Each structure stands twice: as structure tokens, then as C-alpha cells.
Amino acid sequence: MRISKYKCALIVAALLLGGCATQNSHVFEGGSAVELRSFQTRAFDTTDKHKMMRTIIAVLQDLGFIIDKTDEDLGMVTGTKLSGYQIRMTVIVQPRGDKQLAVRASAIYNNNPIEDPLPYQDFFTALEKGIFLTAQKVD
């Protein structure tokens, strides 16, 4: 079953992170895994891993996710959103050089990887706002 790009856009708009994936995953059929990684990853000008992890948890909760697991040593947060469908997102935080943290989000929708860049862009936009609010000490 293929879901049209228009339906995907509607799901994303309604759910913010409700992207969709088709059975014919282009990343696994000759597409570029590097391309997928490029829109799943952002670098942030901070080295405070603890604060970043706390912000990621807050943002996922704000987006309706239930936090399943966190591991600060590994820099991992996993959350699930259930509402007639299932989205699971895993976010990894790793140092990038001496002055940055790299944050990579990967999501699956009903057990299929989300490969559309829009849900990741929406997540990172929400994360940037969350980082700003954390920096301003707004709770």
C-alpha cells in the first residue's frame, strides 16, 4: 500500500511528527542512507549533554510522546506516540568536536522507517525552540 505525498503532508501537519513511510523504502532499495542521515542529524553549539537530553525529553513530551527509555551515558532517548497509529522515535546525542553536540533523530511509523525530511525538520524546529526556552530558563 502506497500513501500519497499529499496524505503524508496532511498527516505531518496534523501530527507534527506523523510522517509516513511506504512499503517500498527507497533508502533500502538503492537510495542514499547518507541522504537520510543528513536530514536526521543537526549540530548544536553546546557541549552540555545533560541539558540537551533534558530538552529532548521535554520536547518529545510536548509533541505527545511517552518516554520509553533514556540513557545519558549513551546519549539516547526513546519515545512512543500512540493515537490510532504508532510512531517511535529514538534520539541520539553525541559530541561533535570540542564545541558542539550532534543530535540524530530516527523515527518509525507503524514499523516502517520515516524517510520524509519534513517530520525531522519539524522535530528539529521544536527542539531549537525548546533549547531557546531552556536557555531563557522558561519552564
# chains A, B, ... in the order shown; residues from 1 in each chain; ligands from 1
call {"tool": "closest_atom_pairs", "arguments": {"of": "region 50-103 of chain A", "to": "region 117-131 of chain A", "cutoff": "7 Å", "atoms": "only C-alpha atoms", "output": "JSON lines"}}
result
{"residue": "A:Thr55", "atom": "CA", "partner": "A:Gly130", "partner_atom": "CA", "distance": 6.2}
{"residue": "A:Ile56", "atom": "CA", "partner": "A:Leu127", "partner_atom": "CA", "distance": 6.6}
{"residue": "A:Val59", "atom": "CA", "partner": "A:Leu127", "partner_atom": "CA", "distance": 6.2}
call {"tool": "residues_around", "arguments": {"residues": "Ile67 (chain A)", "least_positions_apart": "6", "cutoff": "9 Å", "atoms": "only C-alpha atoms", "output": "PDB file with N, CA and C atoms, in the first residue's frame"}}
result
ATOM      1  N   ILE A  57      13.869  15.373  25.969  1.00  0.00           N
ATOM      2  CA  ILE A  57      12.780  14.698  26.682  1.00  0.00           C
ATOM      3  C   ILE A  57      11.557  15.614  26.763  1.00  0.00           C
ATOM      4  N   LEU A  60       9.928  16.005  23.234  1.00  0.00           N
ATOM      5  CA  LEU A  60       9.173  14.808  22.855  1.00  0.00           C
ATOM      6  C   LEU A  60       7.861  14.731  23.630  1.00  0.00           C
ATOM      7  N   GLN A  61       7.893  15.028  24.921  1.00  0.00           N
ATOM      8  CA  GLN A  61       6.665  15.026  25.713  1.00  0.00           C
ATOM      9  C   GLN A  61       5.690  16.085  25.209  1.00  0.00           C
ATOM     10  N   VAL A  77      17.516   8.789  23.905  1.00  0.00           N
ATOM     11  CA  VAL A  77      16.149   8.948  24.388  1.00  0.00           C
ATOM     12  C   VAL A  77      15.241   8.258  23.381  1.00  0.00           C
ATOM     13  N   THR A  78      14.327   7.426  23.868  1.00  0.00           N
ATOM     14  CA  THR A  78      13.359   6.759  23.001  1.00  0.00           C
ATOM     15  C   THR A  78      11.966   7.062  23.510  1.00  0.00           C
ATOM     16  N   GLY A  79      11.082   7.412  22.590  1.00  0.00           N
ATOM     17  CA  GLY A  79       9.698   7.697  22.957  1.00  0.00           C
ATOM     18  C   GLY A  79       8.737   7.134  21.931  1.00  0.00           C
ATOM     19  N   THR A  80       7.497   6.898  22.375  1.00  0.00           N
ATOM     20  CA  THR A  80       6.460   6.344  21.517  1.00  0.00           C
ATOM     21  C   THR A  80       5.227   7.236  21.580  1.00  0.00           C
ATOM     22  N   LYS A  81       4.606   7.416  20.428  1.00  0.00           N
ATOM     23  CA  LYS A  81       3.366   8.171  20.336  1.00  0.00           C
ATOM     24  C   LYS A  81       2.304   7.225  19.773  1.00  0.00           C
TER      25      LYS A  81
END
call {"tool": "residues_around", "arguments": {"residues": "Leu36 (chain A)", "least_positions_apart": "4", "cutoff": "8 Å", "atoms": "only C-alpha atoms", "output": "VMD selection string"}}
result
chain A and resid 27 32 40 115 117
call {"tool": "atom_distance", "arguments": {"atom1": "CA of Met52 (chain A)", "atom2": "CA of Ala33 (chain A)"}}
result
25.5 Å
call {"tool": "residues_around", "arguments": {"residues": "Phe44 (chain A)", "least_positions_apart": "6", "cutoff": "12 Å", "atoms": "only C-alpha atoms", "output": "PyMOL selection string"}}
result
chain A and resi 52+93-104+124+127-128+131-132
call {"tool": "residues_around", "arguments": {"residues": "Ile87 (chain A)", "least_positions_apart": "3", "cutoff": "7 Å", "atoms": "only C-alpha atoms", "output": "number ranges by chain"}}
result
A: 80-82, 107-110
call {"tool": "residues_around", "arguments": {"residues": "His50 (chain A)", "least_positions_apart": "4", "cutoff": "9 Å", "atoms": "only C-alpha atoms", "output": "ChimeraX atom specification"}}
result
/A:54-55,72,75
call {"tool": "write_last_selection", "arguments": {"atoms": "N, CA, C and O atoms", "output": "compact mmCIF listing (two decimals), in the first residue's frame"}}
result
# COMPACT_ATOMS: atom_id res chain seq x y z
N ARG A 54 17.75 16.64 28.58
CA ARG A 54 16.54 17.10 29.29
C ARG A 54 15.62 17.86 28.33
O ARG A 54 14.40 17.71 28.38
N THR A 55 16.20 18.66 27.45
CA THR A 55 15.40 19.41 26.49
C THR A 55 14.74 18.48 25.48
O THR A 55 13.56 18.66 25.14
N GLU A 72 21.65 8.43 29.64
CA GLU A 72 22.51 9.60 29.46
C GLU A 72 23.93 9.19 29.06
O GLU A 72 24.58 9.90 28.29
N GLY A 75 23.65 8.66 25.61
CA GLY A 75 23.07 9.83 24.96
C GLY A 75 21.83 9.48 24.16
O GLY A 75 21.62 10.00 23.07
call {"tool": "atom_distance", "arguments": {"atom1": "CA of Val138 (chain A)", "atom2": "CA of Ile92 (chain A)"}}
result
24.1 Å
call {"tool": "closest_residue", "arguments": {"among": "A:Met53, A:Ala58, A:Ile66, A:Ala135", "to": "Gln86 (chain A)", "atoms": "only C-alpha atoms"}}
result
A:Ile66
call {"tool": "atom_distance", "arguments": {"atom1": "CA of Gly64 (chain A)", "atom2": "CA of Asn112 (chain A)"}}
result
19.5 Å
call {"tool": "select_by_dssp", "arguments": {"residues": "region 38-69 of chain A", "states": "strand (DSSP E)", "output": "list in words"}}
result
Thr41, Arg42, Ala43, Phe44, Ile66, Ile67, Asp68 and Lys69 of chain A
call {"tool": "write_last_selection", "arguments": {"atoms": "N, CA and C atoms", "output": "PDB file, in the first residue's frame"}}
result
ATOM      1  N   THR A  41      19.968  14.535  11.248  1.00  0.00           N
ATOM      2  CA  THR A  41      21.022  14.998  12.149  1.00  0.00           C
ATOM      3  C   THR A  41      21.185  16.512  12.091  1.00  0.00           C
ATOM      4  N   ARG A  42      21.373  17.114  13.271  1.00  0.00           N
ATOM      5  CA  ARG A  42      21.682  18.546  13.378  1.00  0.00           C
ATOM      6  C   ARG A  42      22.781  18.725  14.410  1.00  0.00           C
ATOM      7  N   ALA A  43      23.614  19.733  14.199  1.00  0.00           N
ATOM      8  CA  ALA A  43      24.667  20.082  15.162  1.00  0.00           C
ATOM      9  C   ALA A  43      24.222  21.323  15.929  1.00  0.00           C
ATOM     10  N   PHE A  44      24.507  21.333  17.228  1.00  0.00           N
ATOM     11  CA  PHE A  44      24.149  22.454  18.087  1.00  0.00           C
ATOM     12  C   PHE A  44      25.388  22.951  18.800  1.00  0.00           C
ATOM     13  N   ILE A  66       5.379   9.451  24.748  1.00  0.00           N
ATOM     14  CA  ILE A  66       5.639   8.883  26.068  1.00  0.00           C
ATOM     15  C   ILE A  66       7.076   8.402  26.042  1.00  0.00           C
ATOM     16  N   ILE A  67       7.865   8.837  27.007  1.00  0.00           N
ATOM     17  CA  ILE A  67       9.273   8.463  27.042  1.00  0.00           C
ATOM     18  C   ILE A  67       9.382   7.016  27.519  1.00  0.00           C
ATOM     19  N   ASP A  68       9.978   6.176  26.686  1.00  0.00           N
ATOM     20  CA  ASP A  68      10.132   4.758  26.991  1.00  0.00           C
ATOM     21  C   ASP A  68      11.443   4.480  27.714  1.00  0.00           C
ATOM     22  N   LYS A  69      12.505   5.155  27.273  1.00  0.00           N
ATOM     23  CA  LYS A  69      13.829   4.830  27.795  1.00  0.00           C
ATOM     24  C   LYS A  69      14.759   6.015  27.602  1.00  0.00           C
TER      25      LYS A  69
END
call {"tool": "closest_residue", "arguments": {"among": "A:Phe65, A:Asp71, A:Ser106, A:Arg37", "to": "Ser83 (chain A)", "atoms": "only C-alpha atoms"}}
result
A:Phe65
